[in-house]
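> First the structure, which I've put down as structure tokens, then a few questions once you've had a look.
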Amino acid sequence: MRHSIFFTLCAATVSLSACEKNGEAEVERALQDLNVVDETNLNDVMLTVGDPDQAVEYFMAANANDPGRIDLQRGLATSLVRAKRPNDAVNAWEAVIEHPESNNSDKVELAGSQIRSNLWDEAAATLNTIPPTYETFERYRFEAMVADSKQQWGKADTFYETAVGLTTRPGSVYNNWGYSKLTRGEYAGAERLFSDALRHDSGMFTAKNNLVLARGAQRNYTLPVVNMTQVERAQLLHTMALTAVKQNDITIGKTLLSEAINTHPRHFEEATRALRALEANVTN
């Protein structure tokens, strides 16, 4: 009887010990899962609203602590792009491409960083490694820019048109496409595309400025009817004035500069300096 009681107590002790170990393991797994969730949330914050330089430091440290994880490598590469460090971003995306879990989207990102670093031939080579069946907005936007760099205008137009159809926010694409037309001397076409850009994004000042350049190149020196602040109006008048002067329409240029100075709510140093230079040349 004593032996029976002893073995029963031993069995109970072993069972309790096993339960405690199993419980500890479950708690440890739960904590690990919680850490993964927390880390994922932090990664997302760093990639979107976090300070770009801090995000770079965060992902560099994360990669050092846990090397080989492609999500952390992508995080570092993306953060370097946000921090406006394109050369470093190229190196980072190249490391991502070498990872066995990399995909076509990573190659597109590498091409984008190469374009930002003025590595046009390298960007073209990277895009050529992506199968034609992989069709995304970013891919065709970069294809169009590479075609522009090679003055392959027909290809560029086709790629821009395709990119426009693959996004709900085509304003920046229309602006790039318009600038391409502007560099070719196709000013009327450029004007239409800049207007399309502003139709989709009325606050894009770059498109407003480019629109003024396109109109000025056609010797149309009236501002377009678009939404603009008083400061923007002064800046656009200044742009149009310089376009007129470049085409030797000096009197019109001086008038526009004076209007820009009077329109600006504060002192407009650039326009004032340009007007003084024009008046001094006329006097001499």
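So you can find residues: chains in the structure tokens are A, B, ... in the order shown, residues in each start at 1, and ligands are numbered from 1 in order.
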Could you give me, as a ChimeraX atom specification, each residue of stretch 132-266 of chain A that DSSP assigns to helix (DSSP H, G or I) when run on this structure's backbone?

/A:137-149,153-164,171-184,187-200,205-217,230-246,250-263

> Using only C-alpha atoms, find each residue of stretch 215-240 of chain A with at least one atom at most 10 Å away from an atom of stretch 194-208 of chain A; report its shortest atom-to-atom pair and that distance in Å (one decimal), sort the rows by chain and rising residue number, and return the result as JSON lines.


```
{"residue": "A:Leu223", "atom": "CA", "partner": "A:Lys208", "partner_atom": "CA", "distance": 9.6}
{"residue": "A:Pro224", "atom": "CA", "partner": "A:Lys208", "partner_atom": "CA", "distance": 8.4}
{"residue": "A:Val225", "atom": "CA", "partner": "A:Ser195", "partner_atom": "CA", "distance": 10.0}
{"residue": "A:Val226", "atom": "CA", "partner": "A:Ser202", "partner_atom": "CA", "distance": 7.6}
{"residue": "A:Asn227", "atom": "CA", "partner": "A:Ser202", "partner_atom": "CA", "distance": 6.8}
{"residue": "A:Met228", "atom": "CA", "partner": "A:Gly203", "partner_atom": "CA", "distance": 7.9}
{"residue": "A:Thr229", "atom": "CA", "partner": "A:Gly203", "partner_atom": "CA", "distance": 9.9}
{"residue": "A:Glu232", "atom": "CA", "partner": "A:Phe205", "partner_atom": "CA", "distance": 7.8}
{"residue": "A:Arg233", "atom": "CA", "partner": "A:Lys208", "partner_atom": "CA", "distance": 9.8}
{"residue": "A:Gln235", "atom": "CA", "partner": "A:Phe205", "partner_atom": "CA", "distance": 10.0}
{"residue": "A:Leu236", "atom": "CA", "partner": "A:Lys208", "partner_atom": "CA", "distance": 7.7}
```

> Once you have the residues from the selection above, write them out as a PDB file, in the first residue's frame, restricted to C-alpha atoms.


```pdb
ATOM      1  CA  LEU A 223      -1.329  82.485 -67.486  1.00  0.00           C
ATOM      2  CA  PRO A 224      -3.502  79.362 -67.731  1.00  0.00           C
ATOM      3  CA  VAL A 225      -6.770  79.241 -65.824  1.00  0.00           C
ATOM      4  CA  VAL A 226      -5.771  76.939 -62.968  1.00  0.00           C
ATOM      5  CA  ASN A 227      -6.034  77.072 -59.189  1.00  0.00           C
ATOM      6  CA  MET A 228      -3.076  78.960 -57.749  1.00  0.00           C
ATOM      7  CA  THR A 229      -2.120  80.876 -54.640  1.00  0.00           C
ATOM      8  CA  GLU A 232       2.315  80.653 -57.029  1.00  0.00           C
ATOM      9  CA  ARG A 233       0.892  83.282 -59.384  1.00  0.00           C
ATOM     10  CA  GLN A 235       6.290  82.509 -59.407  1.00  0.00           C
ATOM     11  CA  LEU A 236       4.474  81.511 -62.612  1.00  0.00           C
TER      12      LEU A 236
END
```

> Between atom CA of A:Tyr187 and atom CA of A:Thr162, what distance in Å does the model show, to one decimal?

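Interatomic distance here is 21.8 Å.
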
> Could you list, as number ranges by chain, every residue within 12 Å of A:Ser102, counting only C-alpha atoms and ignoring same-chain residues fewer than 2 positions away?

A: 68-71, 73-74, 93-100, 104-110

> Could you write those residues out with N, CA, C and O atoms, as a CSV table (one decimal), in the first residue's frame?


```csv
chain,number,residue,atom,x,y,z
A,68,GLY,N,19.7,38.0,-43.2
A,68,GLY,CA,19.1,37.0,-44.1
A,68,GLY,C,17.6,37.1,-44.3
A,68,GLY,O,17.0,36.4,-45.1
A,69,ARG,N,16.9,38.0,-43.5
A,69,ARG,CA,15.5,38.2,-43.6
A,69,ARG,C,15.2,39.2,-44.8
A,69,ARG,O,15.6,40.4,-44.7
A,70,ILE,N,14.5,38.8,-45.8
A,70,ILE,CA,14.3,39.6,-46.9
A,70,ILE,C,13.4,40.8,-46.6
A,70,ILE,O,13.5,41.9,-47.2
A,71,ASP,N,12.4,40.6,-45.6
A,71,ASP,CA,11.6,41.8,-45.3
A,71,ASP,C,12.4,42.9,-44.7
A,71,ASP,O,12.1,44.1,-45.0
A,73,GLN,N,15.6,43.4,-45.3
A,73,GLN,CA,16.4,43.9,-46.4
A,73,GLN,C,15.6,44.9,-47.3
A,73,GLN,O,16.1,46.0,-47.7
A,74,ARG,N,14.4,44.5,-47.6
A,74,ARG,CA,13.5,45.4,-48.3
A,74,ARG,C,13.2,46.7,-47.6
A,74,ARG,O,13.2,47.8,-48.1
A,93,TRP,N,19.1,47.3,-52.8
A,93,TRP,CA,18.2,46.6,-53.7
A,93,TRP,C,18.9,45.4,-54.4
A,93,TRP,O,18.3,44.4,-54.7
A,94,GLU,N,20.2,45.7,-54.8
A,94,GLU,CA,20.9,44.6,-55.4
A,94,GLU,C,21.1,43.4,-54.4
A,94,GLU,O,21.1,42.2,-54.8
A,95,ALA,N,21.3,43.7,-53.1
A,95,ALA,CA,21.3,42.7,-52.1
A,95,ALA,C,20.0,41.9,-52.0
A,95,ALA,O,20.0,40.7,-51.9
A,96,VAL,N,18.9,42.7,-52.1
A,96,VAL,CA,17.6,42.0,-52.1
A,96,VAL,C,17.4,41.1,-53.3
A,96,VAL,O,16.9,39.9,-53.2
A,97,ILE,N,17.9,41.5,-54.5
A,97,ILE,CA,17.7,40.7,-55.7
A,97,ILE,C,18.5,39.4,-55.6
A,97,ILE,O,18.0,38.4,-56.1
A,98,GLU,N,19.6,39.4,-54.8
A,98,GLU,CA,20.4,38.2,-54.7
A,98,GLU,C,19.7,37.2,-53.7
A,98,GLU,O,20.1,36.0,-53.6
A,99,HIS,N,18.7,37.6,-53.0
A,99,HIS,CA,18.0,36.7,-52.0
A,99,HIS,C,17.2,35.7,-52.8
A,99,HIS,O,16.5,36.1,-53.7
A,100,PRO,N,17.1,34.5,-52.3
A,100,PRO,CA,16.4,33.5,-53.1
A,100,PRO,C,14.9,33.7,-53.1
A,100,PRO,O,14.1,33.2,-53.9
A,104,ASN,N,9.8,39.9,-58.9
A,104,ASN,CA,9.9,40.9,-60.0
A,104,ASN,C,9.7,42.3,-59.4
A,104,ASN,O,10.2,43.3,-60.0
A,105,SER,N,8.9,42.4,-58.4
A,105,SER,CA,8.7,43.7,-57.8
A,105,SER,C,10.0,44.3,-57.3
A,105,SER,O,10.2,45.5,-57.4
A,106,ASP,N,10.8,43.5,-56.7
A,106,ASP,CA,12.1,43.9,-56.2
A,106,ASP,C,13.0,44.4,-57.4
A,106,ASP,O,13.7,45.4,-57.2
A,107,LYS,N,12.9,43.8,-58.5
A,107,LYS,CA,13.7,44.2,-59.7
A,107,LYS,C,13.2,45.6,-60.2
A,107,LYS,O,14.0,46.5,-60.6
A,108,VAL,N,11.9,45.8,-60.1
A,108,VAL,CA,11.3,47.1,-60.5
A,108,VAL,C,11.9,48.2,-59.6
A,108,VAL,O,12.3,49.3,-60.0
A,109,GLU,N,11.9,47.9,-58.3
A,109,GLU,CA,12.4,48.8,-57.3
A,109,GLU,C,13.9,49.1,-57.5
A,109,GLU,O,14.3,50.3,-57.4
A,110,LEU,N,14.7,48.1,-57.9
A,110,LEU,CA,16.1,48.3,-58.2
A,110,LEU,C,16.2,49.2,-59.4
A,110,LEU,O,17.0,50.2,-59.4
```

> Could you pull the residues within 12 Å of A:Gln247, counting only C-alpha atoms, minus those fewer than 2 positions along the same chain, as a PyMOL selection string?

chain A and resi 213+216-221+240-245+249-253

> State, in Å with one decimal place, the distance from atom CA of A:Tyr58 to atom CA of A:Val81.

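Interatomic distance, atom CA of A:Tyr58 to atom CA of A:Val81: 14.4 Å.
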
> Quick one: residues within 8 Å of A:Pro86, only C-alpha atoms counted, chain neighbours fewer than 2 positions away excluded, as a ChimeraX atom specification?

/A:80-81,84,88-90,113-114,116-117

> Take the selection from the previous step and output its residues with N, CA, C and O atoms, as a PDB file, in the first residue's frame.


```
ATOM      1  N   LEU A  80      16.167  53.803 -47.574  1.00  0.00           N
ATOM      2  CA  LEU A  80      17.246  54.554 -48.237  1.00  0.00           C
ATOM      3  C   LEU A  80      16.698  55.388 -49.388  1.00  0.00           C
ATOM      4  O   LEU A  80      17.161  56.505 -49.633  1.00  0.00           O
ATOM      5  N   VAL A  81      15.700  54.864 -50.085  1.00  0.00           N
ATOM      6  CA  VAL A  81      15.043  55.650 -51.149  1.00  0.00           C
ATOM      7  C   VAL A  81      14.348  56.853 -50.533  1.00  0.00           C
ATOM      8  O   VAL A  81      14.477  57.979 -51.017  1.00  0.00           O
ATOM      9  N   LYS A  84      16.460  59.709 -49.594  1.00  0.00           N
ATOM     10  CA  LYS A  84      17.124  60.344 -50.744  1.00  0.00           C
ATOM     11  C   LYS A  84      18.610  59.993 -50.786  1.00  0.00           C
ATOM     12  O   LYS A  84      19.482  60.841 -50.969  1.00  0.00           O
ATOM     13  N   ASP A  88      23.102  54.395 -52.279  1.00  0.00           N
ATOM     14  CA  ASP A  88      23.040  53.354 -51.252  1.00  0.00           C
ATOM     15  C   ASP A  88      21.826  52.453 -51.477  1.00  0.00           C
ATOM     16  O   ASP A  88      21.884  51.242 -51.215  1.00  0.00           O
ATOM     17  N   ALA A  89      20.727  53.048 -51.962  1.00  0.00           N
ATOM     18  CA  ALA A  89      19.526  52.254 -52.227  1.00  0.00           C
ATOM     19  C   ALA A  89      19.780  51.228 -53.333  1.00  0.00           C
ATOM     20  O   ALA A  89      19.274  50.099 -53.268  1.00  0.00           O
ATOM     21  N   VAL A  90      20.560  51.613 -54.332  1.00  0.00           N
ATOM     22  CA  VAL A  90      20.904  50.668 -55.408  1.00  0.00           C
ATOM     23  C   VAL A  90      21.607  49.451 -54.816  1.00  0.00           C
ATOM     24  O   VAL A  90      21.259  48.302 -55.124  1.00  0.00           O
ATOM     25  N   SER A 113      15.661  52.841 -58.377  1.00  0.00           N
ATOM     26  CA  SER A 113      16.816  53.414 -57.685  1.00  0.00           C
ATOM     27  C   SER A 113      17.950  53.702 -58.663  1.00  0.00           C
ATOM     28  O   SER A 113      18.672  54.699 -58.515  1.00  0.00           O
ATOM     29  N   GLN A 114      18.114  52.850 -59.647  1.00  0.00           N
ATOM     30  CA  GLN A 114      19.142  53.095 -60.664  1.00  0.00           C
ATOM     31  C   GLN A 114      18.827  54.346 -61.477  1.00  0.00           C
ATOM     32  O   GLN A 114      19.731  55.128 -61.799  1.00  0.00           O
ATOM     33  N   ARG A 116      17.125  56.938 -60.347  1.00  0.00           N
ATOM     34  CA  ARG A 116      17.399  58.064 -59.444  1.00  0.00           C
ATOM     35  C   ARG A 116      18.893  58.353 -59.335  1.00  0.00           C
ATOM     36  O   ARG A 116      19.285  59.478 -59.018  1.00  0.00           O
ATOM     37  N   SER A 117      19.714  57.348 -59.592  1.00  0.00           N
ATOM     38  CA  SER A 117      21.169  57.523 -59.546  1.00  0.00           C
ATOM     39  C   SER A 117      21.758  57.818 -60.923  1.00  0.00           C
ATOM     40  O   SER A 117      22.986  57.794 -61.093  1.00  0.00           O
TER      41      SER A 117
END
```

> Set the distance at 9 Å and use only C-alpha atoms: which residues neighbour A:Ala188 once local chain neighbours fewer than 5 positions away are removed? I'd like the list as a count of residues only.

6

> I'd like the interatomic distance between atom CA of A:Gly75 and atom CA of A:Leu47, to a tenth of an Å.

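Calculated distance between atom CA of A:Gly75 and atom CA of A:Leu47 is 6.8 Å.
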